[in-house]
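A.B. asks: Once you've had a glance at the structure underneath, I'll fire off some questions.
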Amino acid sequence: MDDGTEPPAPPGEPSDEEPPTVRTPLSRRTMLLGLAAVGGISAVNVGAFLGAGGWFTPDTLTTSRFVDRFEQVFGKHDGFRRNHAKGVSATGLFTSNGAGTALSKASVFQTGTTLVTARFSISGGMPAAADTNAAVRGLGVLFHMVGGEQWRTAMVNVPVFTDRVPQGFYERLLATEPVPGTGRPDPAKVAAFLSKYPETARAMAVISKTPPSTGLYNSPYHGLNAFRFTNSAGVTVPVRWMMMPEGPIQTVSGAAHAPGKDYLFDALIDKLAQGPMRWRFLITVGQPGDPTNDATTAWPADRRQVDVGTLTIHSLQTEAPGNARDVNFDPTVLPEGIALSDDPLLAARSAVYAQSYQRRTGEPHSPSEVTVMPPQPTRVDVHEVDHEN
Ligand code: HEM
């Protein structure tokens, strides 16, 4: 924690004395190590990636300018993320079926269960924004692995990303900013932007053909950036991953949606009250020639997909000290067996998330828009896990 306060243990947190059914009990120590690691890991990454990535030069884009741009467009909201500001914290389990070990030696893929800290969000830097069907939905997942290792990923519901390079995202934020009066972006600015970044026009065409689901609870979540998996035999393959909801994906029809400013989050909370929510964790294996440096382009649909297990969300919590509110879902925090690709977005994400994290944890905090009532337990019922296996 950078704000100097020690987060209290989450209510109902499993103690270290719990039977070791779950591989990685989320002890107070694990939580603290994870939170403390955020600043340290990110600081190392920022230095390394800025040097290697080449996107940071005095004359062009800097990490600070990027974060300033979010504040310029969305306003400055103390204590909140500069993007995906509206969200709710969650906890659960990843239950691995063992199939992932053929692809990666990461211990998370050995048969068994791993505790996760997660966060559901919508894109944009306004923490009290009204939910919309068009809002990009996000899911951050932090796997608490054995030996203090961590894997962090932040995924979205759209099938491709809008931007191939950080500069494109930076410029898009301003080019699509709503004009006072109309509340809509300036068409001339958008057209100029799209002619400079045709990959964004192509990506938007793909996204527009994929209607979002009705909720956060029945949405797929895509990692989009490519990574590299290395198995115990030393074989390395390019991969992408996604979480596929169990059960049917009901898509939105037109603009119709439930009433209420927070209808996406309200439905998520209602759904959890009926029981745990599950997603299948699917790894897509790329073939030689598949681009690993372009998140705006999907790989061919016939690529092999490996179902490596199930993510189960057991509880939701209002954002508060010590839960996902204080996690930086930096996608470059990876365990042994998973490595970065040459995707230029990854270095930028690491640097910008770290700066957003540093700013928000040093600021006063206001209550989050989404309140989980009654509070959902953070404790995972170990006996229920037994039955699931
Ligand atoms: C250059 C590219 C990108 C930039 C500059 C950027 C920027 C940001 C920032 C500033 C945050 C808030 C971080 C924090 O305070 O903890 C954030 C959160 C997030 N981003 Fe990105 N992002 C980028 C690309 C992506 C991509 C490619 C994805 C999806 C694959 C993504 C998904 C998310 C999600 C889901 C969150 C919320 C995670 C959470 O709940 O903490 N972003 N992004």
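Ligands are numbered from 1 in the order shown, chains are lettered A, B, ... in the order of the structure tokens, and residues start at 1 in each chain.
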Around ligand 1, out to 7 Å and counting only C-alpha atoms and all ligand atoms, which residues are there? I want them as a PyMOL selection string.
C.D. replies: chain A and resi 66-67+80-84+87+119-121+138-140+154-156+161+165-166+169+222-225+295+327-329+345+348-349+352-354+356-357+360
A.B. asks: Determine which residues of segment 232-374 of chain A receive a DSSP assignment of strand (DSSP E or B), computed from the backbone, and state them as a PDB file with N, CA and C atoms, in the first residue's frame.
C.D. replies:
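Just written: out17.pdb:
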ATOM      1  N   THR A 236       7.457 -23.460 -26.401  1.00  0.00           N
ATOM      2  CA  THR A 236       6.787 -22.162 -26.241  1.00  0.00           C
ATOM      3  C   THR A 236       5.793 -21.947 -27.383  1.00  0.00           C
ATOM      4  N   VAL A 237       4.570 -21.510 -27.014  1.00  0.00           N
ATOM      5  CA  VAL A 237       3.546 -21.207 -28.031  1.00  0.00           C
ATOM      6  C   VAL A 237       2.923 -19.841 -27.731  1.00  0.00           C
ATOM      7  N   PRO A 238       2.494 -19.131 -28.795  1.00  0.00           N
ATOM      8  CA  PRO A 238       1.753 -17.880 -28.564  1.00  0.00           C
ATOM      9  C   PRO A 238       0.323 -18.204 -28.156  1.00  0.00           C
ATOM     10  N   VAL A 239      -0.211 -17.445 -27.216  1.00  0.00           N
ATOM     11  CA  VAL A 239      -1.583 -17.698 -26.742  1.00  0.00           C
ATOM     12  C   VAL A 239      -2.345 -16.388 -26.543  1.00  0.00           C
ATOM     13  N   ARG A 240      -3.651 -16.531 -26.540  1.00  0.00           N
ATOM     14  CA  ARG A 240      -4.565 -15.517 -26.020  1.00  0.00           C
ATOM     15  C   ARG A 240      -5.548 -16.256 -25.123  1.00  0.00           C
ATOM     16  N   TRP A 241      -6.238 -15.536 -24.239  1.00  0.00           N
ATOM     17  CA  TRP A 241      -7.188 -16.247 -23.374  1.00  0.00           C
ATOM     18  C   TRP A 241      -8.486 -15.472 -23.228  1.00  0.00           C
ATOM     19  N   MET A 242      -9.486 -16.217 -22.778  1.00  0.00           N
ATOM     20  CA  MET A 242     -10.788 -15.583 -22.510  1.00  0.00           C
ATOM     21  C   MET A 242     -11.534 -16.365 -21.445  1.00  0.00           C
ATOM     22  N   MET A 243     -12.471 -15.688 -20.794  1.00  0.00           N
ATOM     23  CA  MET A 243     -13.398 -16.326 -19.856  1.00  0.00           C
ATOM     24  C   MET A 243     -14.755 -16.383 -20.550  1.00  0.00           C
ATOM     25  N   MET A 244     -15.275 -17.596 -20.674  1.00  0.00           N
ATOM     26  CA  MET A 244     -16.561 -17.800 -21.357  1.00  0.00           C
ATOM     27  C   MET A 244     -17.627 -18.154 -20.316  1.00  0.00           C
ATOM     28  N   PRO A 245     -18.697 -17.335 -20.212  1.00  0.00           N
ATOM     29  CA  PRO A 245     -19.681 -17.612 -19.165  1.00  0.00           C
ATOM     30  C   PRO A 245     -20.356 -18.965 -19.366  1.00  0.00           C
ATOM     31  N   THR A 251     -27.871 -11.652 -25.684  1.00  0.00           N
ATOM     32  CA  THR A 251     -27.336 -10.358 -26.100  1.00  0.00           C
ATOM     33  C   THR A 251     -28.419  -9.281 -26.034  1.00  0.00           C
ATOM     34  N   MET A 277     -21.224 -17.692  -9.663  1.00  0.00           N
ATOM     35  CA  MET A 277     -21.230 -17.485 -11.116  1.00  0.00           C
ATOM     36  C   MET A 277     -19.963 -18.115 -11.694  1.00  0.00           C
ATOM     37  N   ARG A 278     -20.087 -18.734 -12.861  1.00  0.00           N
ATOM     38  CA  ARG A 278     -18.938 -19.476 -13.398  1.00  0.00           C
ATOM     39  C   ARG A 278     -18.601 -19.082 -14.836  1.00  0.00           C
ATOM     40  N   TRP A 279     -17.311 -19.111 -15.116  1.00  0.00           N
ATOM     41  CA  TRP A 279     -16.787 -18.903 -16.466  1.00  0.00           C
ATOM     42  C   TRP A 279     -15.795 -20.014 -16.779  1.00  0.00           C
ATOM     43  N   ARG A 280     -15.821 -20.520 -18.019  1.00  0.00           N
ATOM     44  CA  ARG A 280     -14.784 -21.479 -18.461  1.00  0.00           C
ATOM     45  C   ARG A 280     -13.592 -20.670 -18.948  1.00  0.00           C
ATOM     46  N   PHE A 281     -12.427 -21.115 -18.548  1.00  0.00           N
ATOM     47  CA  PHE A 281     -11.194 -20.396 -18.909  1.00  0.00           C
ATOM     48  C   PHE A 281     -10.632 -21.079 -20.162  1.00  0.00           C
ATOM     49  N   LEU A 282     -10.663 -20.362 -21.288  1.00  0.00           N
ATOM     50  CA  LEU A 282     -10.264 -20.927 -22.575  1.00  0.00           C
ATOM     51  C   LEU A 282      -8.971 -20.281 -23.059  1.00  0.00           C
ATOM     52  N   ILE A 283      -8.008 -21.122 -23.416  1.00  0.00           N
ATOM     53  CA  ILE A 283      -6.743 -20.627 -23.963  1.00  0.00           C
ATOM     54  C   ILE A 283      -6.735 -20.919 -25.464  1.00  0.00           C
ATOM     55  N   THR A 284      -6.512 -19.896 -26.280  1.00  0.00           N
ATOM     56  CA  THR A 284      -6.402 -20.075 -27.727  1.00  0.00           C
ATOM     57  C   THR A 284      -4.919 -20.118 -28.101  1.00  0.00           C
ATOM     58  N   VAL A 285      -4.555 -21.149 -28.862  1.00  0.00           N
ATOM     59  CA  VAL A 285      -3.146 -21.334 -29.225  1.00  0.00           C
ATOM     60  C   VAL A 285      -2.922 -20.811 -30.644  1.00  0.00           C
ATOM     61  N   GLN A 305      -8.494 -24.324 -29.186  1.00  0.00           N
ATOM     62  CA  GLN A 305      -8.846 -23.744 -27.886  1.00  0.00           C
ATOM     63  C   GLN A 305      -8.788 -24.838 -26.838  1.00  0.00           C
ATOM     64  N   VAL A 306      -8.115 -24.548 -25.737  1.00  0.00           N
ATOM     65  CA  VAL A 306      -7.992 -25.523 -24.657  1.00  0.00           C
ATOM     66  C   VAL A 306      -8.759 -24.989 -23.455  1.00  0.00           C
ATOM     67  N   ASP A 307      -9.704 -25.804 -22.975  1.00  0.00           N
ATOM     68  CA  ASP A 307     -10.474 -25.453 -21.776  1.00  0.00           C
ATOM     69  C   ASP A 307      -9.638 -25.883 -20.574  1.00  0.00           C
ATOM     70  N   VAL A 308      -9.138 -24.920 -19.802  1.00  0.00           N
ATOM     71  CA  VAL A 308      -8.194 -25.261 -18.725  1.00  0.00           C
ATOM     72  C   VAL A 308      -8.841 -25.262 -17.338  1.00  0.00           C
ATOM     73  N   GLY A 309     -10.130 -24.945 -17.263  1.00  0.00           N
ATOM     74  CA  GLY A 309     -10.779 -24.992 -15.951  1.00  0.00           C
ATOM     75  C   GLY A 309     -11.873 -23.958 -15.825  1.00  0.00           C
ATOM     76  N   THR A 310     -12.271 -23.726 -14.592  1.00  0.00           N
ATOM     77  CA  THR A 310     -13.440 -22.877 -14.323  1.00  0.00           C
ATOM     78  C   THR A 310     -13.108 -21.788 -13.312  1.00  0.00           C
ATOM     79  N   LEU A 311     -13.489 -20.578 -13.656  1.00  0.00           N
ATOM     80  CA  LEU A 311     -13.428 -19.469 -12.698  1.00  0.00           C
ATOM     81  C   LEU A 311     -14.795 -19.376 -12.033  1.00  0.00           C
ATOM     82  N   THR A 312     -14.817 -19.436 -10.720  1.00  0.00           N
ATOM     83  CA  THR A 312     -16.073 -19.326  -9.975  1.00  0.00           C
ATOM     84  C   THR A 312     -16.008 -18.094  -9.087  1.00  0.00           C
ATOM     85  N   ILE A 313     -16.960 -17.202  -9.256  1.00  0.00           N
ATOM     86  CA  ILE A 313     -17.043 -16.023  -8.387  1.00  0.00           C
ATOM     87  C   ILE A 313     -18.034 -16.346  -7.276  1.00  0.00           C
ATOM     88  N   HIS A 314     -17.531 -16.327  -6.049  1.00  0.00           N
ATOM     89  CA  HIS A 314     -18.341 -16.703  -4.890  1.00  0.00           C
ATOM     90  C   HIS A 314     -18.906 -15.497  -4.147  1.00  0.00           C
ATOM     91  N   SER A 315     -18.253 -14.347  -4.262  1.00  0.00           N
ATOM     92  CA  SER A 315     -18.728 -13.220  -3.456  1.00  0.00           C
ATOM     93  C   SER A 315     -18.386 -11.895  -4.129  1.00  0.00           C
ATOM     94  N   LEU A 316     -19.166 -10.902  -3.803  1.00  0.00           N
ATOM     95  CA  LEU A 316     -18.932  -9.536  -4.281  1.00  0.00           C
ATOM     96  C   LEU A 316     -18.834  -8.639  -3.062  1.00  0.00           C
ATOM     97  N   GLN A 317     -18.028  -7.601  -3.170  1.00  0.00           N
ATOM     98  CA  GLN A 317     -17.917  -6.650  -2.063  1.00  0.00           C
ATOM     99  C   GLN A 317     -17.898  -5.222  -2.613  1.00  0.00           C
ATOM    100  N   ILE A 338       4.604 -18.230 -18.115  1.00  0.00           N
ATOM    101  CA  ILE A 338       3.854 -17.291 -18.960  1.00  0.00           C
ATOM    102  C   ILE A 338       4.741 -16.069 -19.164  1.00  0.00           C
ATOM    103  N   ALA A 339       4.889 -15.631 -20.405  1.00  0.00           N
ATOM    104  CA  ALA A 339       5.763 -14.487 -20.688  1.00  0.00           C
ATOM    105  C   ALA A 339       5.049 -13.508 -21.617  1.00  0.00           C
ATOM    106  N   LEU A 340       5.594 -12.309 -21.673  1.00  0.00           N
ATOM    107  CA  LEU A 340       5.041 -11.270 -22.542  1.00  0.00           C
ATOM    108  C   LEU A 340       5.277 -11.608 -24.004  1.00  0.00           C
TER     109      LEU A 340
END
A.B. asks: So which one's closest to Gly75 of chain A, A:His144, A:Gln110, A:Glu177, A:Val235? Using only C-alpha atoms, please.
C.D. replies: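 Distance minimum relative to Gly75 of chain A lands on A:Glu177.
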A.B. asks: Run DSSP on the backbone and tell me which residues of segment 337-368 of chain A come out as helix (DSSP H, G or I); list them as a list in words.
C.D. replies: Pro344, Leu345, Leu346, Ala347, Ala348, Arg349, Ser350, Ala351, Val352, Tyr353, Ala354, Gln355, Ser356, Tyr357, Gln358, Arg359, Arg360 and Thr361 of chain A
A.B. asks: Using only C-alpha atoms, pick whichever of A:Asn157, A:Thr332, A:Thr361, A:Ser123 has the shortest atom-to-atom distance to Phe70 of chain A.
C.D. replies: A:Ser123
A.B. asks: Which residue gives the smallest distance to Gly322 of chain A among A:Lys105, A:Glu71, A:Gln274, A:Thr117, with only C-alpha atoms counted?
C.D. replies: A:Thr117
A.B. asks: Determine, counting only C-alpha atoms, which protein, DNA and RNA residues have an atom within 6 Å of an atom of segment 187-201 of chain A; residues of the same chain fewer than 2 positions away are not included. Present the result as a ChimeraX atom specification.
C.D. replies: /A:162-163,175,203-204
A.B. asks: Using only N, CA and C atoms, please write the residues we just selected to a file, as a PDB file, in the first residue's frame.
C.D. replies:
ATOM      1  N   THR A 162      -9.609  -1.704 -29.562  1.00  0.00           N
ATOM      2  CA  THR A 162      -9.771  -0.621 -30.535  1.00  0.00           C
ATOM      3  C   THR A 162      -8.428  -0.077 -31.040  1.00  0.00           C
ATOM      4  N   ASP A 163      -7.358  -0.288 -30.284  1.00  0.00           N
ATOM      5  CA  ASP A 163      -6.087   0.369 -30.631  1.00  0.00           C
ATOM      6  C   ASP A 163      -4.950  -0.648 -30.710  1.00  0.00           C
ATOM      7  N   ALA A 175     -10.032  12.475 -29.499  1.00  0.00           N
ATOM      8  CA  ALA A 175     -10.803  12.557 -30.758  1.00  0.00           C
ATOM      9  C   ALA A 175     -12.260  12.163 -30.548  1.00  0.00           C
ATOM     10  N   ALA A 203     -11.296  -2.444 -36.387  1.00  0.00           N
ATOM     11  CA  ALA A 203     -11.662  -3.068 -35.107  1.00  0.00           C
ATOM     12  C   ALA A 203     -13.088  -2.686 -34.710  1.00  0.00           C
ATOM     13  N   MET A 204     -13.443  -1.423 -34.939  1.00  0.00           N
ATOM     14  CA  MET A 204     -14.791  -0.982 -34.554  1.00  0.00           C
ATOM     15  C   MET A 204     -15.847  -1.706 -35.383  1.00  0.00           C
TER      16      MET A 204
END
A.B. asks: I need the residue nearest Pro127 of chain A from this list: A:Gly168, A:Gly92, A:Gly79, A:Pro344. Use only C-alpha atoms for the distance.
C.D. replies: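 Going through A:Gly168, A:Gly92, A:Gly79, A:Pro344 one by one, the smallest distance to Pro127 of chain A is for A:Gly79.
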A.B. asks: I'd like to know which of A:Ala258, A:Leu346, A:Val370, A:Ala106 is closest to Thr292 of chain A, using only C-alpha atoms.
C.D. replies: A:Leu346
A.B. asks: Quick one, how far is atom CA of Met126 of chain A from atom CA of Thr371 of chain A?
C.D. replies: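 A separation of 16.1 Å between them.
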A.B. asks: Counting only C-alpha atoms, which residue out of A:Asp78, A:Asp343, A:Glu319, A:Asp294 sits closest to Pro331 of chain A?
C.D. replies: A:Asp343
A.B. asks: Just the number, please: distance in Å from atom CA of Glu369 of chain A to atom CA of Ala128 of chain A, one decimal.
C.D. replies: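 Atom-to-atom, atom CA of Glu369 of chain A and atom CA of Ala128 of chain A are spaced 5.4 Å apart.
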